[in-house]
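First the structure, in the form of structure tokens, and then the observations on it.
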Amino acid sequence: MSTASSLKQGGGKGIPWYVSIIPLNMAVGASSVLSTLIALSLGASVAEIGLMMSSGAVATIIFSTVWGKLSDRSGLRKRYLLVIVLLLGPTFLVLSTASSVPQLVFYYTLLSVLTSGISPIAVMYAVETCRGKNWQGEVARFNSISSLGNILGFAMNTFVALFFRINWLFYISSALCLIAALLFWQIAEEPYITLERHAFPIIHLRDAERLFSPKSIFHYLDIKHIQMPRSLKQLKPLHLLFLACFIQWTGIFFFSVGQTPLMKDIGLSDSFILAINASASAVQVIAFGKIAPSLKQDHKKLINTAIFSRGFLILCWGALPIFLIYPFSYAFVFPLLFSILFPFLYSILWLPITTFAISSAPKNSKGSAQGELLSAMAVANAFGSALGGIVMTTMGYTVGFVIAAIISVLAAPVISRINMI
């Protein structure tokens, strides 16, 4: 086998295709924090930052489905992923030119339209390139590589931000996307379809236009056919789990929209804020790989412990505005400590949730259950970010964080109704 053909084996000997995911995630992983820092430099309020995050979440909800369906119908995973990565390059350049908050909101939403297609297409590409052999391990491997890219991206941006303005970091993100596209184009190949699904013929341009039409897009948001239960007793355990996740993450996104603005207000530099995010990402990887799997407790107890602990940490954040009145040289210690503890709690919460969702879903609907779980969190992102931004702008950080903590712990009574084995 020649060197070139060896390189093109997505999961074979040669260079694995997901090497290209590292520079891609270096670019994409920090985009939310960088966009928030740019918004603050443009004079954005917390409400406007919440609007930006909410708009990005809505775009993700809609277009993750659109991108996934396009790649499903055509089977051209590589080409669609390559198109997305190539379009991300100029999008990052446009983001760097934003001169007003409305412009930044629009550009960030456009960025979310593109990034929403990465996960649904790349995960399926990982599954199909392994040709059915240990596809669960391949997905885990892909997620690990993605997390590594996030950490490296935050670390690089932390260093570069010491010398350059934040909007210049998007130039680097654009270059990283070009590198990722070149690597993916050289290494990857279109996978054989190995899953038990219908292979659709290559779609034509008119088919794509119909799929992207407003009528088709808003069909995904049509909830008229859903029958709302009169009480929680009518909900199945899996649906109760989705509801609990929606409540929990509404509180989390309500809170998170104020994190970066508060850190800026108490005097932390852009570089230090990026360093805190890098540390949190590293802790999350360690927690998911080593700590959370070793905890031997029943699922319900683990979830409730994480819910109440995260609520307590949010209340701790609510005490930090005191440094706005009484500046303190070592104030950075508190957001650093809280940010490191948060991903650890996330890991011990998310692992039992996903495990229960998989085990409770019907045999032929386990993938759909995961999609519904992520959709519940995406809707919580859109709702919580917008509401949190408005509340914190009008009532301040402390009141906003207290409300966020209350919302987040309201998930515990719902979890208590689920019979987890």
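We name chains A, B, ... following the order of the structure tokens; residues begin at 1 in each chain, and ligands are numbered from 1 as shown.
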Long-range neighbours of Val46 in chain A as JSON, numbers by chain, 10 Å cut-off, only C-alpha atoms, 6 positions minimum in chain: {"A": [36, 39, 40, 52, 257, 258, 259, 260, 261, 262, 385, 386, 388, 389, 390, 391, 392, 393, 394, 396, 397]}
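Our summary of the geometry notes that CA of Leu351 in chain A is positioned 13.2 Å from CA of Ile286 in chain A.
CA of Gly56 in chain A lies 25.7 Å from CA of Val283 in chain A.
Proximity to range 78-88 of chain A at 7 Å, evaluated using only C-alpha atoms and with sequence-adjacent residues fewer than 3 positions away removed, yields Ser71, Thr91, Phe92, Leu114, Ile118, Ile121, Ser174, Cys177, Leu178, Ala181, Glu189 and Glu190 of chain A.
In this comparison, which uses only C-alpha atoms, the residue of A:Leu110, A:Ile406, A:Leu387, A:Leu268 approaching Phe253 in chain A most closely is A:Leu387.
With only C-alpha atoms as the atoms that count, the residue of A:Thr398, A:Ser31, A:Thr355, A:Ser279 with the shortest distance to Ala369 in chain A is A:Thr355.
Of the residues listed (A:Ile415, A:Leu176, A:Ile276, A:Leu315), A:Ile415 shows the shortest atom-to-atom separation from His299 in chain A; distances use only C-alpha atoms.
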Can you tell me which residues surround Leu313 in chain A at a distance of at most 9 Å, considering only C-alpha atoms, apart from same-chain residues fewer than 2 positions away, and format the answer as a PDB file with C-alpha atoms, in the first residue's frame?
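Output saved as selection_25.pdb:
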```pdb
ATOM      1  CA  PHE A 308     -27.160  20.607  44.901  1.00  0.00           C
ATOM      2  CA  SER A 309     -23.381  21.075  44.764  1.00  0.00           C
ATOM      3  CA  ARG A 310     -23.623  23.012  41.509  1.00  0.00           C
ATOM      4  CA  GLY A 311     -26.376  25.141  43.026  1.00  0.00           C
ATOM      5  CA  LEU A 315     -24.412  30.891  45.129  1.00  0.00           C
ATOM      6  CA  CYS A 316     -20.672  31.237  45.803  1.00  0.00           C
ATOM      7  CA  TRP A 317     -20.349  33.113  42.526  1.00  0.00           C
ATOM      8  CA  GLY A 318     -23.125  35.377  43.798  1.00  0.00           C
ATOM      9  CA  PHE A 338     -15.109  27.646  41.367  1.00  0.00           C
ATOM     10  CA  LEU A 341     -14.881  22.466  40.675  1.00  0.00           C
ATOM     11  CA  PHE A 342     -17.727  23.028  38.204  1.00  0.00           C
ATOM     12  CA  ALA A 405     -29.124  28.545  41.692  1.00  0.00           C
TER      13      ALA A 405
END
```
As an exercise, work out the distance from CA of Phe328 in chain A to CA of Phe255 in chain A in Å and give it to one decimal place. 22.9 Å
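The shell of residues at most 9 Å from Gly267 in chain A, with only C-alpha atoms counted and near chain neighbours (fewer than 5 positions) removed, consists of A:Leu262, A:Leu324, A:Pro327, A:Ala331, A:Phe332.
Each of A:Leu182, A:Ile38, A:Ile247, A:Leu241 was checked against Leu95 in chain A using only C-alpha atoms; the smallest atom-to-atom distance is that of A:Ile38.
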Backbone-only DSSP, helix (DSSP H, G or I) members of range 13-118 of chain A, as a ChimeraX atom specification: /A:17-28,31-41,46-74,77-96,101-115,118
